[in-house]
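Quick look at data-v8.cif (mmCIF, C-alpha atoms):
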```cif
data_query
loop_
_atom_site.group_PDB
_atom_site.id
_atom_site.type_symbol
_atom_site.label_atom_id
_atom_site.label_comp_id
_atom_site.auth_asym_id
_atom_site.auth_seq_id
_atom_site.Cartn_x
_atom_site.Cartn_y
_atom_site.Cartn_z
ATOM 1 C CA MET A 1 146.394 -27.372 -78.260
ATOM 2 C CA ILE A 2 143.634 -26.462 -80.674
ATOM 3 C CA SER A 3 140.028 -26.854 -79.686
ATOM 4 C CA PHE A 4 136.770 -26.697 -81.564
ATOM 5 C CA LEU A 5 133.745 -26.006 -79.451
ATOM 6 C CA SER A 6 130.051 -25.789 -80.066
ATOM 7 C CA THR A 7 129.064 -22.315 -81.193
ATOM 8 C CA ASN A 8 127.526 -21.308 -77.863
ATOM 9 C CA HIS A 9 130.768 -21.905 -75.942
ATOM 10 C CA PRO A 10 132.335 -18.661 -74.668
ATOM 11 C CA THR A 11 136.022 -19.439 -75.137
ATOM 12 C CA LEU A 12 138.147 -21.303 -77.643
ATOM 13 C CA PHE A 13 141.695 -22.203 -76.741
ATOM 14 C CA ALA A 14 144.259 -22.496 -79.511
ATOM 15 C CA ASN A 15 147.925 -23.366 -79.876
ATOM 16 C CA ALA A 16 149.916 -24.329 -82.923
ATOM 17 C CA LEU A 17 148.782 -27.686 -84.255
ATOM 18 C CA PRO A 18 149.989 -28.012 -87.834
ATOM 19 C CA MET A 19 146.789 -28.998 -89.619
ATOM 20 C CA ASN A 20 145.055 -27.621 -92.686
ATOM 21 C CA ILE A 21 141.481 -27.104 -91.547
ATOM 22 C CA SER A 22 139.062 -25.218 -93.742
ATOM 23 C CA TRP A 23 136.229 -24.858 -91.216
ATOM 24 C CA LYS A 24 135.596 -21.283 -90.150
ATOM 25 C CA PHE A 25 135.605 -20.521 -86.452
ATOM 26 C CA ALA A 26 136.246 -17.470 -84.292
ATOM 27 C CA LEU A 27 139.403 -18.276 -82.382
ATOM 28 C CA THR A 28 140.350 -16.720 -79.071
ATOM 29 C CA LEU A 29 143.963 -17.193 -78.030
ATOM 30 C CA ALA A 30 144.516 -17.839 -74.375
ATOM 31 C CA VAL A 31 147.192 -19.036 -72.014
ATOM 32 C CA PHE A 32 146.659 -22.673 -71.115
ATOM 33 C CA THR A 33 146.488 -23.178 -67.381
ATOM 34 C CA ALA A 34 146.473 -26.739 -66.112
ATOM 35 C CA THR A 35 145.258 -27.781 -62.721
ATOM 36 C CA TRP A 36 145.862 -31.151 -61.203
ATOM 37 C CA MET A 37 144.396 -32.826 -58.197
ATOM 38 C CA PRO A 38 145.372 -36.304 -57.037
ATOM 39 C CA LEU A 39 142.769 -38.977 -57.599
ATOM 40 C CA SER A 40 141.394 -40.567 -54.476
ATOM 41 C CA THR A 41 138.056 -42.045 -53.600
ATOM 42 C CA SER A 42 136.104 -39.702 -51.348
ATOM 43 C CA ALA A 43 135.742 -40.901 -47.781
ATOM 44 C CA HIS A 44 132.051 -40.059 -48.079
ATOM 45 C CA SER A 45 131.472 -42.192 -51.177
ATOM 46 C CA ALA A 46 130.253 -45.768 -51.068
ATOM 47 C CA GLU A 47 132.558 -48.590 -52.067
ATOM 48 C CA PRO A 48 132.367 -49.639 -55.726
ATOM 49 C CA GLU A 49 129.553 -52.065 -56.475
ATOM 50 C CA MET A 50 129.993 -54.704 -59.179
ATOM 51 C CA LEU A 51 126.864 -55.808 -61.037
ATOM 52 C CA PRO A 52 126.655 -58.654 -63.554
ATOM 53 C CA LEU A 53 125.234 -57.589 -66.900
ATOM 54 C CA TRP A 54 123.513 -60.885 -67.593
ATOM 55 C CA THR A 55 122.223 -63.935 -65.723
ATOM 56 C CA ASP A 56 123.882 -67.347 -66.053
ATOM 57 C CA GLU A 57 120.965 -68.424 -68.205
ATOM 58 C CA GLU A 58 121.390 -65.455 -70.543
ATOM 59 C CA LEU A 59 125.137 -66.084 -70.824
ATOM 60 C CA GLY A 60 124.857 -69.838 -71.071
ATOM 61 C CA SER A 61 127.666 -70.202 -68.515
ATOM 62 C CA THR A 62 128.379 -70.094 -64.798
ATOM 63 C CA GLU A 63 131.154 -68.665 -62.634
ATOM 64 C CA ALA A 64 132.911 -72.020 -62.860
ATOM 65 C CA ASP A 65 133.346 -71.446 -66.607
ATOM 66 C CA ASP A 66 135.078 -68.081 -66.149
ATOM 67 C CA THR A 67 138.357 -67.744 -68.093
ATOM 68 C CA GLU A 68 139.165 -64.112 -67.302
ATOM 69 C CA VAL A 69 142.838 -63.172 -66.923
ATOM 70 C CA LEU A 70 144.007 -60.001 -65.147
ATOM 71 C CA HIS A 71 147.509 -58.860 -66.112
ATOM 72 C CA ASP A 72 149.115 -56.572 -63.508
ATOM 73 C CA ARG A 73 151.261 -54.046 -65.387
ATOM 74 C CA GLY A 74 151.839 -51.749 -62.415
ATOM 75 C CA ASP A 75 151.040 -48.048 -61.968
ATOM 76 C CA ARG A 76 147.280 -48.679 -62.028
ATOM 77 C CA ASN A 77 147.563 -50.010 -65.557
ATOM 78 C CA ALA A 78 146.021 -53.495 -65.339
ATOM 79 C CA TRP A 79 144.973 -55.294 -68.524
ATOM 80 C CA VAL A 80 142.137 -57.832 -68.600
ATOM 81 C CA THR A 81 141.492 -60.460 -71.283
ATOM 82 C CA ASP A 82 139.318 -63.513 -71.941
ATOM 83 C CA ILE A 83 136.182 -61.968 -70.459
ATOM 84 C CA LEU A 84 133.209 -64.324 -70.411
ATOM 85 C CA ARG A 85 131.140 -62.689 -67.673
ATOM 86 C CA PRO A 86 130.743 -58.950 -68.342
ATOM 87 C CA THR A 87 130.094 -56.598 -65.447
ATOM 88 C CA LEU A 88 129.382 -52.971 -64.619
ATOM 89 C CA THR A 89 131.296 -51.677 -61.580
ATOM 90 C CA ILE A 90 129.506 -48.677 -60.072
ATOM 91 C CA TYR A 91 131.335 -45.813 -58.373
ATOM 92 C CA HIS A 92 128.675 -43.850 -56.540
ATOM 93 C CA ALA A 93 128.811 -40.062 -56.639
ATOM 94 C CA ASP A 94 130.107 -38.161 -53.636
ATOM 95 C CA PRO A 95 126.864 -37.396 -51.733
ATOM 96 C CA ALA A 96 127.987 -33.824 -51.082
ATOM 97 C CA LYS A 97 128.264 -33.180 -54.832
ATOM 98 C CA HIS A 98 125.632 -35.593 -56.175
ATOM 99 C CA SER A 99 124.381 -34.244 -59.521
ATOM 100 C CA GLY A 100 122.089 -37.050 -60.648
ATOM 101 C CA THR A 101 124.246 -37.434 -63.763
ATOM 102 C CA SER A 102 125.631 -40.873 -64.602
ATOM 103 C CA ILE A 103 128.019 -42.297 -67.171
ATOM 104 C CA VAL A 104 129.086 -45.711 -68.479
ATOM 105 C CA ILE A 105 132.840 -45.920 -69.199
ATOM 106 C CA CYS A 106 134.186 -48.248 -71.917
ATOM 107 C CA PRO A 107 137.938 -48.929 -71.556
ATOM 108 C CA GLY A 108 139.985 -49.411 -74.709
ATOM 109 C CA GLY A 109 142.212 -52.240 -75.838
ATOM 110 C CA GLY A 110 141.715 -52.781 -79.557
ATOM 111 C CA TYR A 111 138.669 -55.004 -78.891
ATOM 112 C CA GLY A 112 141.248 -57.570 -77.782
ATOM 113 C CA GLY A 113 141.416 -56.794 -74.054
ATOM 114 C CA LEU A 114 140.686 -53.896 -71.725
ATOM 115 C CA ALA A 115 142.912 -51.253 -70.089
ATOM 116 C CA ILE A 116 140.600 -51.603 -67.133
ATOM 117 C CA ASP A 117 142.416 -49.282 -64.702
ATOM 118 C CA LYS A 118 143.735 -46.203 -66.494
ATOM 119 C CA GLU A 119 140.744 -46.086 -68.869
ATOM 120 C CA GLY A 120 138.223 -47.441 -66.407
ATOM 121 C CA HIS A 121 138.507 -47.455 -62.629
ATOM 122 C CA VAL A 122 140.751 -44.381 -62.351
ATOM 123 C CA VAL A 123 138.351 -42.436 -64.565
ATOM 124 C CA ALA A 124 135.315 -43.583 -62.565
ATOM 125 C CA GLU A 125 136.929 -42.457 -59.300
ATOM 126 C CA TRP A 126 137.418 -38.992 -60.775
ATOM 127 C CA PHE A 127 133.799 -38.815 -61.935
ATOM 128 C CA ALA A 128 132.516 -39.873 -58.510
ATOM 129 C CA GLU A 129 134.557 -37.090 -56.922
ATOM 130 C CA GLN A 130 132.876 -34.600 -59.278
ATOM 131 C CA GLY A 131 129.401 -35.812 -58.301
ATOM 132 C CA VAL A 132 128.763 -38.174 -61.217
ATOM 133 C CA THR A 133 127.786 -41.830 -60.721
ATOM 134 C CA ALA A 134 130.129 -43.789 -62.997
ATOM 135 C CA GLY A 135 130.058 -47.394 -64.156
ATOM 136 C CA VAL A 136 133.126 -49.186 -65.534
ATOM 137 C CA LEU A 137 132.005 -51.582 -68.245
ATOM 138 C CA LYS A 138 133.958 -54.834 -68.482
ATOM 139 C CA TYR A 139 132.643 -55.970 -71.853
ATOM 140 C CA ARG A 140 133.299 -59.097 -73.886
ATOM 141 C CA CYS A 141 135.807 -58.713 -76.708
ATOM 142 C CA GLY A 142 138.713 -60.553 -78.310
ATOM 143 C CA GLY A 143 137.150 -61.523 -81.623
ATOM 144 C CA GLY A 144 135.820 -64.990 -82.377
ATOM 145 C CA ALA A 145 132.563 -65.576 -80.522
ATOM 146 C CA HIS A 146 132.802 -62.047 -79.134
ATOM 147 C CA LYS A 147 132.793 -60.128 -82.411
ATOM 148 C CA HIS A 148 130.053 -57.594 -83.200
ATOM 149 C CA PRO A 149 127.333 -57.372 -81.954
ATOM 150 C CA ILE A 150 128.473 -58.782 -78.588
ATOM 151 C CA PRO A 151 130.311 -55.647 -77.307
ATOM 152 C CA MET A 152 127.434 -53.434 -78.434
ATOM 153 C CA GLY A 153 124.940 -55.680 -76.636
ATOM 154 C CA ASP A 154 126.970 -55.457 -73.427
ATOM 155 C CA ALA A 155 127.121 -51.656 -73.677
ATOM 156 C CA ARG A 156 123.388 -51.368 -74.313
ATOM 157 C CA GLN A 157 122.732 -53.529 -71.263
ATOM 158 C CA ALA A 158 125.071 -51.410 -69.117
ATOM 159 C CA VAL A 159 123.139 -48.244 -69.972
ATOM 160 C CA LYS A 160 119.874 -50.070 -69.239
ATOM 161 C CA LEU A 161 121.188 -51.165 -65.821
ATOM 162 C CA MET A 162 122.128 -47.581 -65.003
ATOM 163 C CA ARG A 163 118.631 -46.369 -65.863
ATOM 164 C CA ASP A 164 116.991 -49.328 -64.081
ATOM 165 C CA HIS A 165 118.688 -48.202 -60.839
ATOM 166 C CA ALA A 166 117.804 -44.533 -61.263
ATOM 167 C CA ASP A 167 115.415 -44.418 -58.307
ATOM 168 C CA GLU A 168 117.718 -46.380 -56.005
ATOM 169 C CA TRP A 169 120.796 -44.289 -56.867
ATOM 170 C CA LYS A 170 118.927 -40.970 -57.282
ATOM 171 C CA LEU A 171 119.878 -40.616 -60.951
ATOM 172 C CA LYS A 172 118.232 -38.502 -63.641
ATOM 173 C CA THR A 173 117.240 -40.751 -66.527
ATOM 174 C CA ASP A 174 117.751 -37.906 -69.007
ATOM 175 C CA GLN A 175 121.364 -37.358 -67.875
ATOM 176 C CA VAL A 176 122.897 -40.744 -68.698
ATOM 177 C CA GLY A 177 126.095 -40.646 -70.743
ATOM 178 C CA ILE A 178 128.576 -42.967 -72.440
ATOM 179 C CA MET A 179 132.361 -42.589 -72.551
ATOM 180 C CA GLY A 180 135.118 -44.551 -74.211
ATOM 181 C CA PHE A 181 138.831 -44.613 -74.917
ATOM 182 C CA SER A 182 140.416 -45.869 -78.155
ATOM 183 C CA ALA A 183 138.444 -48.980 -79.215
ATOM 184 C CA GLY A 184 136.244 -48.299 -76.200
ATOM 185 C CA GLY A 185 135.643 -44.940 -77.866
ATOM 186 C CA HIS A 186 134.374 -46.799 -80.898
ATOM 187 C CA LEU A 187 132.009 -48.763 -78.674
ATOM 188 C CA ALA A 188 130.898 -45.545 -76.969
ATOM 189 C CA SER A 189 130.328 -43.857 -80.339
ATOM 190 C CA THR A 190 128.308 -46.903 -81.411
ATOM 191 C CA ILE A 191 126.019 -46.348 -78.439
ATOM 192 C CA ALA A 192 125.995 -42.565 -78.906
ATOM 193 C CA THR A 193 124.660 -43.060 -82.444
ATOM 194 C CA ASP A 194 122.246 -45.851 -81.494
ATOM 195 C CA PRO A 195 118.644 -44.588 -81.279
ATOM 196 C CA GLN A 196 117.620 -47.725 -79.360
ATOM 197 C CA THR A 197 119.885 -46.842 -76.422
ATOM 198 C CA GLY A 198 119.244 -43.113 -76.447
ATOM 199 C CA VAL A 199 122.078 -41.862 -74.258
ATOM 200 C CA ASN A 200 122.075 -38.150 -73.449
ATOM 201 C CA PHE A 201 125.752 -37.242 -73.872
ATOM 202 C CA ALA A 202 129.058 -38.805 -74.911
ATOM 203 C CA ALA A 203 132.780 -38.326 -74.264
ATOM 204 C CA LEU A 204 135.139 -39.909 -76.801
ATOM 205 C CA ILE A 205 138.837 -39.945 -75.903
ATOM 206 C CA TYR A 206 141.336 -40.761 -78.701
ATOM 207 C CA PRO A 207 138.546 -42.874 -80.204
ATOM 208 C CA VAL A 208 138.488 -45.293 -83.085
ATOM 209 C CA ILE A 209 135.538 -43.973 -85.108
ATOM 210 C CA SER A 210 135.841 -45.044 -88.731
ATOM 211 C CA LEU A 211 136.531 -48.573 -89.944
ATOM 212 C CA ASP A 212 137.649 -47.193 -93.300
ATOM 213 C CA LYS A 213 141.014 -48.858 -93.913
ATOM 214 C CA ALA A 214 142.584 -45.461 -94.687
ATOM 215 C CA VAL A 215 142.195 -44.201 -91.109
ATOM 216 C CA THR A 216 141.083 -47.030 -88.834
ATOM 217 C CA HIS A 217 142.989 -49.077 -86.261
ATOM 218 C CA GLY A 218 143.419 -52.410 -88.017
ATOM 219 C CA GLY A 219 143.483 -54.568 -84.899
ATOM 220 C CA SER A 220 140.240 -53.114 -83.584
ATOM 221 C CA LYS A 221 138.522 -53.638 -86.920
ATOM 222 C CA LYS A 222 139.690 -57.247 -87.190
ATOM 223 C CA ASN A 223 138.727 -58.144 -83.621
ATOM 224 C CA LEU A 224 135.308 -56.531 -83.985
ATOM 225 C CA LEU A 225 134.301 -57.579 -87.511
ATOM 226 C CA GLY A 226 136.584 -60.474 -88.410
ATOM 227 C CA GLU A 227 138.991 -60.959 -91.306
ATOM 228 C CA SER A 228 136.807 -59.987 -94.274
ATOM 229 C CA PRO A 229 133.784 -57.908 -93.287
ATOM 230 C CA SER A 230 131.385 -56.782 -95.986
ATOM 231 C CA ASP A 231 131.483 -53.200 -97.224
ATOM 232 C CA GLU A 232 127.981 -52.785 -95.821
ATOM 233 C CA LEU A 233 129.097 -53.824 -92.315
ATOM 234 C CA VAL A 234 132.156 -51.562 -92.469
ATOM 235 C CA HIS A 235 129.885 -48.650 -93.391
ATOM 236 C CA GLN A 236 127.414 -49.540 -90.639
ATOM 237 C CA MET A 237 130.130 -49.675 -87.988
ATOM 238 C CA SER A 238 131.936 -46.510 -89.119
ATOM 239 C CA ARG A 239 130.114 -44.366 -86.633
ATOM 240 C CA ASP A 240 130.820 -40.988 -88.218
ATOM 241 C CA GLU A 241 128.560 -42.273 -90.990
ATOM 242 C CA GLN A 242 125.787 -42.972 -88.471
ATOM 243 C CA VAL A 243 125.627 -39.518 -86.860
ATOM 244 C CA SER A 244 122.211 -37.905 -87.248
ATOM 245 C CA SER A 245 120.364 -34.891 -85.911
ATOM 246 C CA SER A 246 119.267 -37.036 -82.941
ATOM 247 C CA THR A 247 122.843 -37.928 -81.894
ATOM 248 C CA CYS A 248 123.659 -36.747 -78.373
ATOM 249 C CA PRO A 249 126.007 -33.824 -77.549
ATOM 250 C CA THR A 250 129.598 -35.044 -77.701
ATOM 251 C CA PHE A 251 133.007 -34.136 -76.225
ATOM 252 C CA LEU A 252 136.135 -35.346 -78.058
ATOM 253 C CA VAL A 253 139.862 -35.419 -77.251
ATOM 254 C CA HIS A 254 142.733 -36.511 -79.510
ATOM 255 C CA ALA A 255 146.454 -35.921 -80.063
ATOM 256 C CA GLY A 256 147.723 -34.885 -83.477
ATOM 257 C CA ASP A 257 150.712 -37.253 -83.231
ATOM 258 C CA ASP A 258 148.608 -40.347 -82.439
ATOM 259 C CA LYS A 259 150.212 -43.101 -84.541
ATOM 260 C CA ALA A 260 147.868 -45.877 -83.431
ATOM 261 C CA VAL A 261 144.495 -44.207 -84.060
ATOM 262 C CA PRO A 262 144.871 -41.252 -86.454
ATOM 263 C CA VAL A 263 143.317 -37.968 -85.360
ATOM 264 C CA GLU A 264 141.237 -38.137 -88.547
ATOM 265 C CA ASN A 265 138.869 -40.399 -86.582
ATOM 266 C CA SER A 266 137.861 -37.595 -84.206
ATOM 267 C CA LEU A 267 137.854 -35.055 -87.046
ATOM 268 C CA ARG A 268 135.389 -37.155 -89.033
ATOM 269 C CA TYR A 269 133.049 -37.543 -86.073
ATOM 270 C CA TYR A 270 133.205 -33.862 -85.201
ATOM 271 C CA SER A 271 132.581 -32.880 -88.813
ATOM 272 C CA ALA A 272 129.548 -35.198 -88.923
ATOM 273 C CA CYS A 273 128.202 -33.617 -85.730
ATOM 274 C CA ILE A 274 128.539 -30.123 -87.204
ATOM 275 C CA GLU A 275 126.905 -31.266 -90.451
ATOM 276 C CA HIS A 276 123.882 -32.611 -88.563
ATOM 277 C CA GLY A 277 123.581 -29.802 -86.025
ATOM 278 C CA VAL A 278 124.767 -31.874 -83.066
ATOM 279 C CA PRO A 279 126.440 -29.848 -80.280
ATOM 280 C CA ALA A 280 130.077 -30.958 -80.130
ATOM 281 C CA GLU A 281 133.305 -29.841 -78.499
ATOM 282 C CA MET A 282 136.688 -31.154 -79.637
ATOM 283 C CA HIS A 283 140.130 -30.653 -78.077
ATOM 284 C CA LEU A 284 143.161 -31.480 -80.224
ATOM 285 C CA PHE A 285 146.665 -31.474 -78.782
ATOM 286 C CA PRO A 286 149.813 -31.364 -80.943
ATOM 287 C CA THR A 287 151.518 -34.077 -78.869
ATOM 288 C CA GLY A 288 150.421 -36.858 -76.570
ATOM 289 C CA GLY A 289 150.467 -39.961 -78.746
ATOM 290 C CA HIS A 290 147.947 -42.666 -77.943
ATOM 291 C CA GLY A 291 146.694 -44.108 -74.678
ATOM 292 C CA PHE A 292 147.571 -41.154 -72.447
ATOM 293 C CA GLY A 293 144.690 -41.782 -70.046
ATOM 294 C CA MET A 294 144.073 -38.943 -67.594
ATOM 295 C CA PHE A 295 146.346 -36.966 -65.247
ATOM 296 C CA ARG A 296 149.244 -39.387 -65.858
ATOM 297 C CA GLY A 297 151.761 -36.615 -66.517
ATOM 298 C CA ASP A 298 152.186 -32.849 -66.543
ATOM 299 C CA ARG A 299 151.719 -32.205 -70.277
ATOM 300 C CA PRO A 300 148.752 -30.174 -71.527
ATOM 301 C CA VAL A 301 147.250 -33.355 -73.032
ATOM 302 C CA ASP A 302 147.167 -34.983 -69.598
ATOM 303 C CA GLN A 303 144.855 -32.297 -68.235
ATOM 304 C CA TRP A 304 141.898 -32.807 -70.594
ATOM 305 C CA PRO A 305 139.549 -33.786 -67.716
ATOM 306 C CA ASN A 306 139.593 -30.121 -66.666
ATOM 307 C CA GLN A 307 138.044 -29.221 -70.026
ATOM 308 C CA LEU A 308 135.591 -32.109 -69.752
ATOM 309 C CA LYS A 309 134.448 -30.832 -66.362
ATOM 310 C CA GLY A 310 133.839 -27.395 -67.870
ATOM 311 C CA TRP A 311 131.857 -28.939 -70.716
ATOM 312 C CA LEU A 312 129.717 -30.928 -68.287
ATOM 313 C CA GLN A 313 129.021 -27.757 -66.330
ATOM 314 C CA LEU A 314 128.195 -25.828 -69.503
ATOM 315 C CA ASN A 315 125.684 -28.511 -70.416
ATOM 316 C CA GLU A 316 124.177 -28.436 -66.897
ATOM 317 C CA LEU A 317 125.301 -31.984 -66.153
ATOM 318 C CA LEU A 318 127.379 -30.755 -63.207
ATOM 319 C CA ASP A 319 126.929 -27.832 -60.822
#
```
This entry written out as structure tokens:
Amino acid sequence: MISFLSTNHPTLFANALPMNISWKFALTLAVFTATWMPLSTSAHSAEPEMLPLWTDEELGSTEADDTEVLHDRGDRNAWVTDILRPTLTIYHADPAKHSGTSIVICPGGGYGGLAIDKEGHVVAEWFAEQGVTAGVLKYRCGGGAHKHPIPMGDARQAVKLMRDHADEWKLKTDQVGIMGFSAGGHLASTIATDPQTGVNFAALIYPVISLDKAVTHGGSKKNLLGESPSDELVHQMSRDEQVSSSTCPTFLVHAGDDKAVPVENSLRYYSACIEHGVPAEMHLFPTGGHGFGMFRGDRPVDQWPNQLKGWLQLNELLD
């Protein structure tokens, strides 16, 4: 594993990832130690709470019009498609560890469907156990009527809902984050670089970032922008090109052998953060492929949440 951390981070882990990188960093070699704890909802935490993002009037539909399909693929790996009624499912922080930090989680699925469990509910359970209030965003996707800007609008609304409930849920409005996996990482990076939303931190896990045909995930680009998007729209939605000095601190994870979403996506975003003075931490693993989720095996890549927890603590988002 090779990791690039913001300059104020005390330790940098490295292992042989065959890449030609010209950036200059002080590297500290260390033995990688992985820790794993089974995921389970704390007995002291409230049951998940599902909130609609929009009213029937805003959606122009009712529950009777719902077309959603949940595909059970076993091993907490459900896949959901045909979403008409987007929701935010809240996992409340363990009261004993409550930090006031919150995060909206965007599952991936190529903007065609959502890996709602392994990149959503499982992740939210882990956050709640750490003391973070987490919301799983079930956003509209699938192309057609749900092309851009529909997913972005759903994500903006999810962040707004989190902040609207700050008093009720004892949240800090300046500690609201966004997270995403794969195409959900693209959506999260869209929000992270959106001044209107103004999130305070981001975690991007094997994310689609650029819609440049040389490095993008073709299915995600087609589902989001259609068959023949303009060059201007491609530039606008390549979120490495939208990073600015006001972009929030960001944590990134990717595998060097990812064949679906090339690691160049994370590299471009990280490079843009460094260029604009945005605090960023990136962990690159030589193997892991795409869609590895969290704690689903015993490889180093499966243990990235341990590094995320450390980053959250470093940034005073967790005790």
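Across A:Arg268, A:Arg163, A:His254, A:His235, the tightest approach to Thr197 of chain A is made by A:Arg163 when counting all atoms listed in the file.
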Which residue of A:Met237, A:Val208, A:Ala202, A:Leu224 approaches Val278 of chain A most closely, using all atoms listed in the file: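 Closest to Val278 of chain A of all the choices is A:Ala202.
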Translate the PyMOL selection byres ((chain A and resi 73-77) around 9), as applied to the file shown, into an explicit residue set as a list in words.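 So the PyMOL selection byres ((chain A and resi 73-77) around 9), applied here, picks out His71, Asp72, Ala78, Trp79, Ala115, Ile116, Asp117, Lys118, Glu119, His121 and Val122 of chain A.
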Place a sphere of radius 7 Å on (136.9, -33.7, -77.1) in the file coordinates and name every protein, DNA or RNA residue with an atom inside or on its surface, counting all atoms listed in the file; give the answer as a PDB file with C-alpha atoms, in the frame of the given file.
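What follows is the written file point.pdb:
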```
ATOM      1  CA  ALA A 203     132.780 -38.326 -74.264  1.00  0.00           C
ATOM      2  CA  LEU A 204     135.139 -39.909 -76.801  1.00  0.00           C
ATOM      3  CA  ILE A 205     138.837 -39.945 -75.903  1.00  0.00           C
ATOM      4  CA  PHE A 251     133.007 -34.136 -76.225  1.00  0.00           C
ATOM      5  CA  LEU A 252     136.135 -35.346 -78.058  1.00  0.00           C
ATOM      6  CA  VAL A 253     139.862 -35.419 -77.251  1.00  0.00           C
ATOM      7  CA  HIS A 254     142.733 -36.511 -79.510  1.00  0.00           C
ATOM      8  CA  GLU A 281     133.305 -29.841 -78.499  1.00  0.00           C
ATOM      9  CA  MET A 282     136.688 -31.154 -79.637  1.00  0.00           C
ATOM     10  CA  HIS A 283     140.130 -30.653 -78.077  1.00  0.00           C
TER      11      HIS A 283
END
```
Quick one: pull the distance between atom CA of Gln242 of chain A and atom CA of Thr193 of chain A, Å, one decimal. 6.1 Å
Which residue, A:Gly100, A:Gly110, A:Thr67, A:Trp126, has the smallest gap to Phe295 of chain A when you use only C-alpha atoms?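 The shortest atom-to-atom distance to Phe295 of chain A comes from A:Trp126.
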Just the number, please: distance in Å from atom CA of Ala183 of chain A to atom CA of Leu314 of chain A, one decimal.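 Atom-to-atom, atom CA of Ala183 of chain A to atom CA of Leu314 of chain A, that is 27.1 Å.
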Run through the PyMOL selection byres ((chain A and resi 256) around 7) on the given coordinates and return the selected residues as a VMD selection string. chain A and resid 254 to 255 257 to 258 263 284 to 287
Export, as a PDB file, keeping the file's coordinate frame, the selected residues with C-alpha atoms.
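So again32.pdb came out as:
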```
ATOM      1  CA  HIS A 254     142.733 -36.511 -79.510  1.00  0.00           C
ATOM      2  CA  ALA A 255     146.454 -35.921 -80.063  1.00  0.00           C
ATOM      3  CA  ASP A 257     150.712 -37.253 -83.231  1.00  0.00           C
ATOM      4  CA  ASP A 258     148.608 -40.347 -82.439  1.00  0.00           C
ATOM      5  CA  VAL A 263     143.317 -37.968 -85.360  1.00  0.00           C
ATOM      6  CA  LEU A 284     143.161 -31.480 -80.224  1.00  0.00           C
ATOM      7  CA  PHE A 285     146.665 -31.474 -78.782  1.00  0.00           C
ATOM      8  CA  PRO A 286     149.813 -31.364 -80.943  1.00  0.00           C
ATOM      9  CA  THR A 287     151.518 -34.077 -78.869  1.00  0.00           C
TER      10      THR A 287
END
```
Residue nearest Met50 of chain A - candidates A:Thr216, A:Gln130, A:Thr101, A:Thr87, atoms counted: all atoms listed in the file: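 Result for the nearest residue to Met50 of chain A: A:Thr87.
Remark: for Gly153 of chain A, the closest of the candidate residues A:Arg140, A:Arg85, A:Lys172, A:Arg239 is A:Arg140 (distances computed over only C-alpha atoms).
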Taking the file as shown, what set of residues would the PyMOL selection byres ((chain A and resi 104) around 10) give back, as a list in words?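 Expected selection for the PyMOL selection byres ((chain A and resi 104) around 10) here is Leu88, Thr89, Ile90, Ser102, Ile103, Ile105, Cys106, Pro107, Gly120, Ala124, Thr133, Ala134, Gly135, Val136, Leu137, Ala155, Arg156, Ala158, Val159, Leu161, Met162, Val176, Gly177, Ile178, Met179, Gly180, Ala188, Val199 and Ala202 of chain A.
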Please report the interatomic distance between atom CA of Ala272 of chain A and atom CA of Leu187 of chain A in Å with one decimal. 17.2 Å
Please provide as a list of chain:residue names all residues within 12 Å of segment 61-64 of chain A, with the sequence filter that same-chain residues fewer than 2 positions apart are discarded (counting all atoms listed in the file).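 The residues satisfying every condition are A:Pro52, A:Trp54, A:Thr55, A:Asp56, A:Glu57, A:Glu58, A:Leu59, A:Asp66, A:Thr67, A:Glu68, A:Ile83, A:Leu84, A:Arg85, A:Pro86.
Using only C-alpha atoms for every distance, the candidate list A:Thr81, A:Ser244, A:Thr190, A:Asn200 yields A:Asn200 as the residue closest to Asn315 of chain A.
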Centre, x/y/z edge lengths, axis-aligned box for segment 262-270 of chain A with 8 Å per side, as JSON:
```
{"center_x": 139.0, "center_y": -37.6, "center_z": -86.6, "size_x": 27.8, "size_y": 23.4, "size_z": 20.8}
```
Pick out the residues sitting within 10 Å of Ser220 of chain A, and hand them over as a count of residues only; count all atoms listed in the file, and ignore anything fewer than 6 positions along from it in its own chain. 16
Leaving out Cys273 of chain A and any residue of its chain fewer than 6 positions from it, which residues lie within 8 Å of it when counting all atoms listed in the file, given as a list in words?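 Residues near the query, excluding close chain neighbours: Val243, Ser244, Ser245, Thr247, Pro279 and Ala280 of chain A.
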Excluding Leu317 of chain A and residues on its chain fewer than 4 positions from it, collect all residues at most 9 Å away from it, counting all atoms listed in the file, and give them as a list in words.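 In the requested form, the answer reads Ser99, Gly100, Thr101, Val132, Gln175, Trp311, Leu312 and Gln313 of chain A.
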